[in-house]
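Asker: Provided below: protein_5.txt, containing compact mmCIF, C-alpha atoms.
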```txt
# COMPACT_ATOMS: atom_id res chain seq x y z
CA MET Q 1 91.53 -28.90 33.78
CA LYS Q 2 89.45 -25.93 32.69
CA GLU Q 3 90.40 -22.49 33.99
CA LYS Q 4 88.00 -21.19 36.60
CA VAL Q 5 86.24 -17.84 36.52
CA VAL Q 6 84.25 -16.25 39.32
CA LEU Q 7 81.20 -14.38 38.04
CA ALA Q 8 79.45 -11.66 40.06
CA TYR Q 9 75.99 -13.15 39.54
CA SER Q 10 72.75 -11.38 40.40
CA GLY Q 11 70.29 -13.51 38.45
CA GLY Q 12 69.28 -10.43 36.47
CA LEU Q 13 69.37 -9.88 32.75
CA ASP Q 14 73.08 -9.14 32.24
CA THR Q 15 74.46 -12.01 34.31
CA SER Q 16 71.87 -14.45 32.93
CA VAL Q 17 73.31 -13.74 29.49
CA ILE Q 18 76.94 -13.83 30.65
CA ILE Q 19 76.97 -17.47 31.83
CA PRO Q 20 75.97 -19.03 28.49
CA TRP Q 21 78.05 -16.43 26.63
CA LEU Q 22 81.17 -17.36 28.62
CA LYS Q 23 80.62 -21.04 27.97
CA GLU Q 24 80.13 -20.40 24.26
CA ASN Q 25 83.20 -18.22 23.81
CA TYR Q 26 85.69 -19.52 26.40
CA ASP Q 27 86.54 -22.94 27.75
CA PHE Q 28 85.93 -21.87 31.34
CA GLU Q 29 84.39 -23.38 34.45
CA VAL Q 30 81.99 -20.67 35.63
CA ILE Q 31 81.51 -20.23 39.39
CA ALA Q 32 78.57 -17.94 40.13
CA VAL Q 33 78.73 -15.74 43.23
CA ALA Q 34 75.74 -13.81 44.54
CA VAL Q 35 76.77 -11.35 47.23
CA ASP Q 36 73.99 -10.76 49.74
CA VAL Q 37 74.07 -7.06 50.59
CA GLY Q 38 70.45 -7.00 51.70
CA GLN Q 39 68.66 -7.11 48.36
CA LYS Q 40 65.24 -8.77 48.62
CA GLU Q 41 66.14 -11.93 46.75
CA ASP Q 42 65.34 -15.64 46.89
CA PHE Q 43 68.93 -16.87 46.80
CA LYS Q 44 67.83 -20.48 46.47
CA ALA Q 45 66.01 -19.60 43.27
CA VAL Q 46 69.03 -17.59 42.10
CA GLU Q 47 71.23 -20.63 42.72
CA GLU Q 48 68.90 -22.94 40.78
CA LYS Q 49 68.87 -20.50 37.87
CA ALA Q 50 72.68 -20.18 37.81
CA LEU Q 51 73.22 -23.94 37.82
CA GLN Q 52 70.49 -24.48 35.25
CA ILE Q 53 72.06 -22.13 32.71
CA GLY Q 54 75.57 -23.49 33.07
CA ALA Q 55 77.38 -22.50 36.27
CA SER Q 56 79.36 -25.36 37.83
CA LYS Q 57 79.05 -24.02 41.37
CA PHE Q 58 77.20 -21.30 43.25
CA TYR Q 59 78.02 -19.26 46.35
CA ALA Q 60 75.75 -16.91 48.27
CA ALA Q 61 78.08 -14.71 50.34
CA ASP Q 62 76.26 -12.98 53.20
CA LYS Q 63 77.92 -9.56 53.56
CA LYS Q 64 75.07 -7.56 55.12
CA SER Q 65 76.66 -7.05 58.52
CA GLU Q 66 80.07 -6.26 57.02
CA LEU Q 67 78.48 -3.78 54.62
CA VAL Q 68 76.77 -1.91 57.45
CA ASN Q 69 79.52 -1.91 60.06
CA ASP Q 70 82.63 -1.60 57.90
CA PHE Q 71 81.31 0.54 55.06
CA ILE Q 72 77.94 2.28 55.62
CA PHE Q 73 78.49 3.48 59.19
CA PRO Q 74 81.98 4.87 58.41
CA MET Q 75 80.45 6.63 55.39
CA ILE Q 76 77.66 8.20 57.46
CA LYS Q 77 80.17 9.28 60.11
CA SER Q 78 82.14 11.05 57.37
CA GLY Q 79 79.07 12.92 56.09
CA ALA Q 80 79.92 11.92 52.50
CA LYS Q 81 77.32 13.01 49.92
CA TYR Q 82 78.25 12.94 46.25
CA GLU Q 83 77.65 16.34 44.66
CA ASN Q 84 76.10 17.33 47.99
CA THR Q 85 72.99 15.20 47.42
CA TYR Q 86 73.51 11.52 46.55
CA LEU Q 87 73.91 9.29 49.62
CA LEU Q 88 76.05 6.80 47.69
CA GLY Q 89 73.77 3.82 48.22
CA THR Q 90 74.96 1.86 45.18
CA SER Q 91 78.55 3.05 45.41
CA ILE Q 92 79.15 1.96 49.00
CA ALA Q 93 78.11 -1.66 48.31
CA ARG Q 94 80.62 -2.13 45.49
CA PRO Q 95 83.81 -2.49 47.56
CA VAL Q 96 82.28 -5.16 49.80
CA ILE Q 97 81.07 -7.05 46.71
CA ALA Q 98 84.55 -6.81 45.15
CA LYS Q 99 86.04 -8.07 48.42
CA ALA Q 100 83.71 -11.08 48.45
CA LEU Q 101 84.52 -11.92 44.82
CA VAL Q 102 88.25 -11.80 45.55
CA GLU Q 103 87.85 -14.01 48.63
CA ILE Q 104 86.02 -16.70 46.66
CA ALA Q 105 88.35 -16.39 43.64
CA LYS Q 106 91.32 -17.05 45.93
CA MET Q 107 89.56 -19.94 47.62
CA GLU Q 108 88.67 -21.50 44.26
CA ASN Q 109 92.04 -20.64 42.68
CA ALA Q 110 90.19 -18.87 39.87
CA SER Q 111 92.16 -17.06 37.17
CA TYR Q 112 89.52 -14.45 36.35
CA ILE Q 113 86.73 -12.42 37.91
CA VAL Q 114 83.83 -11.52 35.60
CA HIS Q 115 81.28 -8.75 36.14
CA GLY Q 116 78.24 -7.53 34.24
CA ALA Q 117 78.77 -3.78 34.60
CA THR Q 118 78.46 -1.83 31.36
CA GLY Q 119 81.19 0.17 29.68
CA LYS Q 120 79.12 3.34 30.19
CA GLY Q 121 78.78 3.12 33.93
CA ASN Q 122 80.60 3.69 37.20
CA ASP Q 123 80.35 0.14 38.53
CA GLN Q 124 82.97 -1.28 36.17
CA VAL Q 125 85.47 1.11 37.76
CA ARG Q 126 84.36 0.38 41.31
CA PHE Q 127 84.56 -3.39 40.93
CA GLU Q 128 87.87 -3.37 39.14
CA LEU Q 129 89.60 -0.90 41.46
CA GLY Q 130 88.55 -3.09 44.38
CA ILE Q 131 89.92 -6.17 42.66
CA LYS Q 132 93.20 -4.37 41.81
CA ALA Q 133 93.62 -3.30 45.44
CA LEU Q 134 92.89 -6.70 46.97
CA SER Q 135 94.21 -9.11 44.31
CA PRO Q 136 96.34 -7.20 41.79
CA ASN Q 137 97.25 -10.29 39.74
CA THR Q 138 93.67 -11.40 39.17
CA LYS Q 139 92.47 -10.75 35.62
CA VAL Q 140 89.05 -9.25 34.86
CA ILE Q 141 86.61 -10.00 32.05
CA ALA Q 142 83.93 -7.38 31.38
CA PRO Q 143 81.65 -8.80 28.64
CA TRP Q 144 79.89 -5.50 27.95
CA ARG Q 145 83.21 -4.10 26.75
CA ILE Q 146 83.97 -6.94 24.33
CA TRP Q 147 80.82 -8.72 23.13
CA ASP Q 148 78.65 -7.80 20.14
CA ILE Q 149 75.51 -7.24 22.23
CA LYS Q 150 74.63 -3.54 22.28
CA SER Q 151 71.35 -3.24 24.18
CA ARG Q 152 68.98 -4.80 26.68
CA LYS Q 153 66.73 -5.71 23.76
CA GLN Q 154 69.51 -7.75 22.20
CA GLU Q 155 70.17 -9.42 25.56
CA ILE Q 156 66.52 -10.47 25.72
CA GLU Q 157 66.72 -11.85 22.19
CA TYR Q 158 69.89 -13.76 23.12
CA LEU Q 159 68.18 -15.45 26.08
CA LYS Q 160 65.12 -16.33 24.00
CA SER Q 161 67.31 -17.84 21.28
CA HIS Q 162 69.00 -20.03 23.90
CA GLY Q 163 65.73 -21.13 25.50
CA ILE Q 164 66.49 -19.36 28.77
CA GLU Q 165 63.60 -17.87 30.72
CA LEU Q 166 63.75 -14.11 31.21
CA PRO Q 167 64.55 -13.07 34.80
CA PHE Q 168 61.77 -10.45 34.75
CA LYS Q 169 58.56 -9.53 32.96
CA GLU Q 170 59.47 -8.15 29.56
CA THR Q 171 57.27 -5.09 30.13
CA SER Q 172 59.22 -4.14 33.27
CA THR Q 173 62.35 -2.43 32.01
CA TYR Q 174 63.50 -0.10 34.79
CA SER Q 175 67.11 -0.84 35.65
CA ARG Q 176 67.27 -1.27 39.41
CA ASP Q 177 69.99 -1.85 41.99
CA GLU Q 178 69.02 -2.79 45.52
CA ASN Q 179 70.79 -3.35 48.82
CA LEU Q 180 69.70 -2.92 52.41
CA PHE Q 181 70.62 0.79 52.35
CA HIS Q 182 68.86 1.91 49.18
CA ILE Q 183 67.33 1.08 45.83
CA SER Q 184 68.06 2.96 42.59
CA HIS Q 185 65.97 3.25 39.43
CA GLU Q 186 67.06 4.19 35.91
CA GLY Q 187 65.59 3.86 32.42
CA GLN Q 188 62.21 4.33 30.77
CA GLU Q 189 60.80 7.86 31.32
CA LEU Q 190 63.72 8.65 33.65
CA GLU Q 191 66.11 8.78 30.69
CA SER Q 192 64.81 12.28 29.90
CA PRO Q 193 65.24 14.86 32.69
CA ALA Q 194 62.23 16.67 31.19
CA ASN Q 195 59.92 13.85 32.32
CA ALA Q 196 58.44 13.64 35.79
CA PRO Q 197 58.99 10.23 37.39
CA GLU Q 198 55.98 7.91 37.42
CA TYR Q 199 56.38 7.44 41.16
CA ASN Q 200 53.52 4.97 41.48
CA GLU Q 201 55.43 2.71 39.06
CA VAL Q 202 58.98 3.56 40.09
CA LEU Q 203 58.98 3.46 43.89
CA GLN Q 204 59.46 0.08 45.55
CA TRP Q 205 59.97 1.01 49.21
CA VAL Q 206 58.85 4.57 49.92
CA LEU Q 207 55.22 5.66 49.82
CA PRO Q 208 54.38 8.56 47.50
CA LEU Q 209 53.61 11.62 49.62
CA GLU Q 210 49.90 11.45 48.76
CA LYS Q 211 49.70 8.04 50.47
CA THR Q 212 51.62 8.86 53.66
CA PRO Q 213 49.92 9.20 57.08
CA ASP Q 214 48.28 12.49 58.00
CA THR Q 215 49.74 12.33 61.51
CA PRO Q 216 53.46 12.72 62.29
CA GLU Q 217 55.62 10.11 63.99
CA TYR Q 218 58.17 10.96 66.68
CA ILE Q 219 61.34 8.91 67.06
CA SER Q 220 64.66 9.13 68.87
CA ILE Q 221 68.05 7.82 67.72
CA ASP Q 222 70.97 7.25 70.08
CA PHE Q 223 74.56 7.46 68.83
CA GLU Q 224 77.79 6.29 70.43
CA LYS Q 225 80.95 7.80 68.96
CA GLY Q 226 79.08 8.60 65.77
CA ILE Q 227 77.53 5.13 65.37
CA PRO Q 228 73.73 4.72 65.69
CA VAL Q 229 72.95 2.13 68.35
CA LYS Q 230 69.32 2.65 69.46
CA ILE Q 231 65.95 3.60 68.05
CA ASN Q 232 63.36 4.73 70.59
CA ASN Q 233 65.65 3.42 73.40
CA GLU Q 234 65.77 -0.06 71.83
CA LYS Q 235 69.31 -1.30 71.25
CA LEU Q 236 69.72 -2.76 67.75
CA GLU Q 237 72.63 -4.15 65.76
CA GLY Q 238 73.47 -2.41 62.49
CA VAL Q 239 71.48 -4.37 59.91
CA GLU Q 240 68.40 -4.48 62.10
CA LEU Q 241 68.65 -0.77 62.86
CA ILE Q 242 68.81 0.24 59.19
CA ASN Q 243 65.96 -2.10 58.27
CA LYS Q 244 63.79 -0.61 61.01
CA LEU Q 245 64.55 2.96 59.94
CA ASN Q 246 63.84 2.02 56.32
CA GLU Q 247 60.40 0.84 57.37
CA ILE Q 248 59.69 3.96 59.42
CA GLY Q 249 61.04 6.38 56.83
CA ALA Q 250 59.32 4.69 53.89
CA LYS Q 251 55.96 4.96 55.62
CA HIS Q 252 56.36 8.75 55.80
CA GLY Q 253 57.65 9.30 52.27
CA ILE Q 254 61.20 10.10 53.36
CA GLY Q 255 64.37 9.59 51.35
CA VAL Q 256 63.41 9.89 47.66
CA ILE Q 257 65.61 11.97 45.38
CA ASP Q 258 65.37 12.57 41.63
CA LEU Q 259 68.92 13.31 40.57
CA VAL Q 260 71.00 14.16 37.51
CA GLU Q 261 74.58 13.29 38.46
CA ASN Q 262 77.99 13.39 36.82
CA ARG Q 263 79.29 9.88 36.22
CA LEU Q 264 82.99 9.20 36.59
CA VAL Q 265 83.20 8.14 32.92
CA GLY Q 266 82.16 11.63 31.82
CA MET Q 267 78.46 11.61 31.00
CA LYS Q 268 75.52 12.77 33.05
CA SER Q 269 72.89 10.26 34.16
CA ARG Q 270 69.48 10.58 35.75
CA GLY Q 271 68.03 8.29 38.37
CA VAL Q 272 65.59 8.08 41.24
CA TYR Q 273 66.99 6.84 44.54
CA GLU Q 274 65.17 5.61 47.64
CA THR Q 275 67.21 5.81 50.86
CA PRO Q 276 64.70 6.23 53.70
CA GLY Q 277 66.69 4.98 56.69
CA GLY Q 278 69.95 6.43 55.41
CA THR Q 279 68.39 9.87 54.94
CA ILE Q 280 67.20 9.85 58.55
CA LEU Q 281 70.61 8.71 59.84
CA TYR Q 282 72.53 11.35 57.90
CA PHE Q 283 70.21 14.08 59.19
CA ALA Q 284 70.35 12.93 62.82
CA HIS Q 285 74.12 12.44 62.81
CA GLU Q 286 74.73 15.90 61.34
CA GLU Q 287 72.56 17.52 64.02
CA LEU Q 288 74.39 15.73 66.83
CA GLU Q 289 77.73 16.82 65.38
CA ARG Q 290 76.56 20.44 65.48
CA LEU Q 291 76.16 20.02 69.22
CA CYS Q 292 79.33 18.07 69.98
CA LEU Q 293 82.06 19.17 67.54
CA ASP Q 294 84.18 22.31 67.88
CA ARG Q 295 83.96 24.83 65.06
CA ASP Q 296 87.24 24.03 63.29
CA SER Q 297 86.71 20.24 63.37
CA LEU Q 298 83.15 20.57 62.07
CA GLN Q 299 84.12 22.91 59.25
CA ALA Q 300 87.17 20.84 58.24
CA LYS Q 301 85.00 17.75 58.23
CA LEU Q 302 82.44 19.42 55.97
CA LYS Q 303 85.18 20.22 53.45
CA LEU Q 304 86.76 16.78 53.57
CA SER Q 305 83.38 15.05 53.27
CA HIS Q 306 83.34 16.06 49.59
CA ASP Q 307 86.67 14.27 49.05
CA MET Q 308 85.33 11.20 50.85
CA ALA Q 309 82.22 11.23 48.67
CA LYS Q 310 84.32 11.35 45.48
CA LEU Q 311 86.50 8.49 46.70
CA ILE Q 312 83.46 6.31 47.43
CA TYR Q 313 81.69 7.26 44.21
CA ASN Q 314 84.81 6.60 42.15
CA GLY Q 315 85.50 3.18 43.70
CA GLN Q 316 88.61 4.24 45.66
CA TRP Q 317 87.57 2.81 49.02
CA PHE Q 318 90.75 0.75 49.47
CA THR Q 319 93.13 3.67 48.88
CA LYS Q 320 95.48 5.21 51.44
CA TYR Q 321 93.73 8.57 51.15
CA ARG Q 322 90.34 7.09 52.03
CA LYS Q 323 91.87 5.31 55.03
CA ALA Q 324 93.54 8.54 56.13
CA LEU Q 325 90.24 10.44 55.85
CA SER Q 326 88.50 7.73 57.88
CA ALA Q 327 91.18 8.05 60.58
CA PHE Q 328 90.47 11.79 60.75
CA VAL Q 329 86.73 11.12 60.90
CA ASP Q 330 87.15 8.57 63.71
CA GLU Q 331 89.09 11.13 65.75
CA THR Q 332 86.29 13.68 65.33
CA GLN Q 333 83.69 11.17 66.51
CA GLU Q 334 85.16 10.55 69.98
CA PHE Q 335 82.52 12.73 71.64
CA VAL Q 336 79.68 12.42 69.09
CA THR Q 337 77.48 10.57 71.56
CA GLY Q 338 73.93 11.46 72.46
CA THR Q 339 70.27 11.39 71.46
CA VAL Q 340 68.54 13.06 68.53
CA LYS Q 341 64.75 13.39 68.56
CA LEU Q 342 62.93 13.73 65.26
CA LYS Q 343 59.47 14.41 63.88
CA LEU Q 344 58.68 12.62 60.60
CA TYR Q 345 55.88 13.94 58.45
CA LYS Q 346 55.03 13.95 54.72
CA GLY Q 347 58.59 13.50 53.49
CA ASN Q 348 60.05 15.88 56.06
CA ILE Q 349 62.52 15.24 58.87
CA ILE Q 350 62.09 17.89 61.56
CA LEU Q 351 64.51 18.24 64.45
CA ASN Q 352 62.76 17.82 67.78
CA GLY Q 353 65.69 18.24 70.17
CA THR Q 354 69.25 16.99 70.71
CA GLU Q 355 71.11 16.16 73.89
CA SER Q 356 74.57 14.84 74.69
CA PRO Q 357 76.78 14.43 77.75
CA TYR Q 358 79.52 15.94 75.55
CA SER Q 359 77.59 18.94 74.29
CA LEU Q 360 79.70 22.05 73.63
CA TYR Q 361 76.66 24.27 73.84
CA SER Q 362 76.76 26.46 76.95
CA GLN Q 363 73.63 28.36 77.87
CA ASP Q 364 75.72 30.39 80.33
CA PHE Q 365 77.68 31.88 77.42
CA SER Q 366 74.93 31.97 74.77
CA THR Q 367 72.09 33.45 76.81
CA PHE Q 368 70.52 36.78 75.88
CA ASP Q 369 69.93 37.37 79.58
CA GLU Q 370 72.48 38.86 81.95
CA ASP Q 371 75.55 36.67 82.48
CA ASN Q 372 78.74 36.67 84.52
CA VAL Q 373 81.03 34.72 82.17
CA TYR Q 374 81.35 36.86 79.03
CA ASN Q 375 82.75 40.37 78.89
CA GLN Q 376 81.21 42.05 75.87
CA LYS Q 377 83.94 44.72 75.92
CA ASP Q 378 86.44 42.02 74.82
CA ALA Q 379 84.75 41.95 71.42
CA GLU Q 380 86.12 45.40 70.52
CA GLY Q 381 89.77 44.32 70.65
CA PHE Q 382 88.96 41.07 68.86
CA ILE Q 383 87.27 42.91 66.01
CA ASN Q 384 90.15 45.39 65.72
CA LEU Q 385 92.72 42.61 65.38
CA PHE Q 386 90.56 40.37 63.20
CA GLY Q 387 89.74 43.27 60.90
CA LEU Q 388 93.25 44.75 60.80
CA PRO Q 389 94.16 43.31 57.34
CA ILE Q 390 90.94 44.73 55.91
CA LYS Q 391 91.62 48.14 57.46
CA ILE Q 392 95.24 48.28 56.28
CA GLU Q 393 94.29 47.34 52.71
CA ALA Q 394 91.54 49.95 52.65
CA LEU Q 395 93.92 52.67 53.96
CA LEU Q 396 96.71 51.84 51.51
CA ARG Q 397 94.51 51.37 48.45
CA SER Q 398 92.72 54.67 49.03
CA LYS Q 399 95.92 56.73 48.71
```
Go through the file and emit its structure as structure tokens.

Answerer:
Amino acid sequence: MKEKVVLAYSGGLDTSVIIPWLKENYDFEVIAVAVDVGQKEDFKAVEEKALQIGASKFYAADKKSELVNDFIFPMIKSGAKYENTYLLGTSIARPVIAKALVEIAKMENASYIVHGATGKGNDQVRFELGIKALSPNTKVIAPWRIWDIKSRKQEIEYLKSHGIELPFKETSTYSRDENLFHISHEGQELESPANAPEYNEVLQWVLPLEKTPDTPEYISIDFEKGIPVKINNEKLEGVELINKLNEIGAKHGIGVIDLVENRLVGMKSRGVYETPGGTILYFAHEELERLCLDRDSLQAKLKLSHDMAKLIYNGQWFTKYRKALSAFVDETQEFVTGTVKLKLYKGNIILNGTESPYSLYSQDFSTFDEDNVYNQKDAEGFINLFGLPIKIEALLRSK
């Protein structure tokens, strides 16, 4: 019997080339797996395409709910932002895709997992670290690292020479990655940081600011232990909640960033990312934490969020350190429960009030009016002790 390989199949250019290439160069049975992480895709058409060009079997693995509840919400709770800006929309979907590929490879008793990530990018690392963590004996084939094809143009020529219909219009050459949390865009004019993005061509979800409403929209988001559970007092499960916030945020031009980032493999890359709902959730969650977390927990969490972001970006979700950080985050979220009210207008998210039954804000202590709970004379002794090392150094160094 032929050895089986499981291919991470999107129906896009790379994976459309990989199926016939695998069959030409290896005596494999190719099982195509499309992992549904919320991308707007006709999976029936994707299945027909995969079988037509040589796959023996096709799976569509629905991982939307798992992505949101087990990956995105823990990420938002952690406050992870890569290089303090990128909300990790592509990165966070990779471990759940790797997990799905491993599950089907084990079920099919496949010897290999194949992916279409390039040798220049981060995704090859993310997929393969996930596979190593979950199925360390499974072998990986990465065609971009071994075949003679060097460019998208050559991929297009390969498909044409094999009589395979292109999966897109040849004039549309932005490289895009989409899931329910975000969509990324690379290529064309974006390859030069000197060029302004052609937003009318690039953006797929979010309205350019010139086309957004001239009146603001007011919303409220309820959190329970750091997890968003309601929008405008309507209880929603995770996928539905993110989809609704995407719709609201996109309408008001929220969540677009134009970013030059440092890839794990060493080079810089430039892309435009749309994350409307995620941008709103990060903002609201951070504001609620300001109300509910003590100073040391909040500041420690801000520092550790950078480590969490690097772990997610680098594909290290299944590591002990990431799990340990998530345990710390979960402990901090015990009292992050309450409501955040927001004003959305022309790309801006404006805080419109926060409230929580676990608020640590005390008007009795903070008031500028007369109070009976704080003795201002205590501050003198505190300053003397807190400033003692500074005073001693100044006295001794001045001799």

Asker: Using all atoms listed in the file, tabulate the residues of range 46-88 of chain Q lying at most 10 Å from any atom of range 227-250 of chain Q, each with its closest atom pair and that distance in Å to one decimal, by chain and increasing residue number, as CSV.

Answerer:
```
residue,atom,partner,partner_atom,distance
Q:Lys64,CA,Q:Val239,CA,6.8
Q:Ser65,CA,Q:Val239,CA,6.0
Q:Glu66,CA,Q:Val239,CA,9.3
Q:Leu67,CA,Q:Val239,CA,8.8
Q:Val68,CA,Q:Gly238,CA,6.0
Q:Asn69,CA,Q:Gly238,CA,6.5
Q:Ile72,CA,Q:Gly238,CA,9.4
Q:Phe73,CA,Q:Ile227,CA,6.5
Q:Pro74,CA,Q:Ile227,CA,8.3
Q:Ile76,CA,Q:Ile227,CA,8.5
Q:Lys77,CA,Q:Ile227,CA,7.2
```

Asker: Quick one: residues within 9 Å of Lys81 in chain Q, all atoms listed in the file counted, chain neighbours fewer than 3 positions away excluded, as a list in words?

Answerer: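 Result of the neighbour search: Met75, Ile76, Asn84, Thr85, Tyr86, Leu87, Leu88, Ser305, His306, Met308, Ala309 and Lys310 of chain Q.
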
Asker: With distances taken over all atoms listed in the file, which residue among Q:Ile97, Q:Asp222, Q:Lys132, Q:Gly271 lies nearest Glu189 in chain Q?

Answerer: Q:Gly271

Asker: Determine the nearest neighbour of Gly38 in chain Q from the options Q:Lys57, Q:Lys23, Q:Lys63, Q:Lys377, counting all atoms listed in the file.

Answerer: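 Among the listed residues, Q:Lys63 lies closest to Gly38 in chain Q.
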
Asker: Using only C-alpha atoms, pick whichever of Q:Lys120, Q:Phe328, Q:Leu190, Q:Tyr282 has the shortest atom-to-atom distance to Ser297 in chain Q.

Answerer: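 Checking each candidate against Ser297 in chain Q, we get Q:Phe328 as the closest.
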
Asker: How far is it from CA of Leu264 in chain Q to CA of Gly89 in chain Q, in Å with one decimal?

Answerer: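 Computing it gives 15.8 Å between the two atoms.
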
Asker: For Lys106 in chain Q, find every residue with an atom within 12 Å (counting all atoms listed in the file), except residues of its own chain fewer than 5 positions away, and show them as a ChimeraX atom specification.

Answerer: /Q:4-6,99-101,111-113,131,134-138

Asker: Have a look at Q:Val329, Q:Leu159, Q:Val373, Q:Ile164 and name the one nearest to Lys301 in chain Q; count all atoms listed in the file.

Answerer: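 Result for the nearest residue to Lys301 in chain Q: Q:Val329.
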
Asker: Taking only residues of range 305-383 of chain Q that have an atom at most 12 Å from an atom of range 273-278 of chain Q, what is each one's shortest atom pair and its distance in Å to one decimal, using only C-alpha atoms, in chain and number order, as JSON lines?

Answerer:
```
{"residue": "Q:Leu344", "atom": "CA", "partner": "Q:Pro276", "partner_atom": "CA", "distance": 11.2}
{"residue": "Q:Gly347", "atom": "CA", "partner": "Q:Pro276", "partner_atom": "CA", "distance": 9.5}
{"residue": "Q:Asn348", "atom": "CA", "partner": "Q:Pro276", "partner_atom": "CA", "distance": 11.0}
{"residue": "Q:Ile349", "atom": "CA", "partner": "Q:Pro276", "partner_atom": "CA", "distance": 10.6}
```

Asker: Choose the residue, out of Q:Thr90, Q:Glu286, Q:Gly116, Q:Asn109, that has the smallest atom-to-atom separation from Tyr9 in chain Q; count all atoms listed in the file.

Answerer: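 For Tyr9 in chain Q, the nearest of the given residues is Q:Gly116.
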
Asker: Export range 279-308 of chain Q from the structure block above, keeping C-alpha atoms, as a compact mmCIF listing (two decimals), in the first residue's frame.

Answerer:
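To be explicit, this is the file written out as result-v9.txt:
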```
# COMPACT_ATOMS: atom_id res chain seq x y z
CA THR Q 279 -8.71 45.42 18.64
CA ILE Q 280 -11.89 46.31 20.51
CA LEU Q 281 -11.56 43.31 22.85
CA TYR Q 282 -7.92 44.04 23.69
CA PHE Q 283 -8.76 47.67 24.47
CA ALA Q 284 -11.79 46.84 26.62
CA HIS Q 285 -10.04 44.06 28.52
CA GLU Q 286 -7.04 46.27 29.32
CA GLU Q 287 -9.30 49.01 30.69
CA LEU Q 288 -11.18 46.58 32.93
CA GLU Q 289 -7.88 45.22 34.25
CA ARG Q 290 -6.84 48.75 35.23
CA LEU Q 291 -9.90 48.83 37.46
CA CYS Q 292 -9.69 45.34 38.94
CA LEU Q 293 -6.02 44.34 39.22
CA ASP Q 294 -3.65 45.41 42.00
CA ARG Q 295 -0.59 47.37 40.97
CA ASP Q 296 2.01 44.59 41.21
CA SER Q 297 -0.12 42.03 39.35
CA LEU Q 298 -0.91 44.50 36.57
CA GLN Q 299 2.70 45.55 36.13
CA ALA Q 300 4.03 41.98 36.24
CA LYS Q 301 1.42 40.99 33.68
CA LEU Q 302 2.47 43.83 31.37
CA LYS Q 303 6.07 42.58 31.47
CA LEU Q 304 5.18 38.93 30.96
CA SER Q 305 2.81 39.75 28.10
CA HIS Q 306 5.86 40.40 25.92
CA ASP Q 307 7.14 36.88 26.64
CA MET Q 308 3.71 35.45 25.83
```
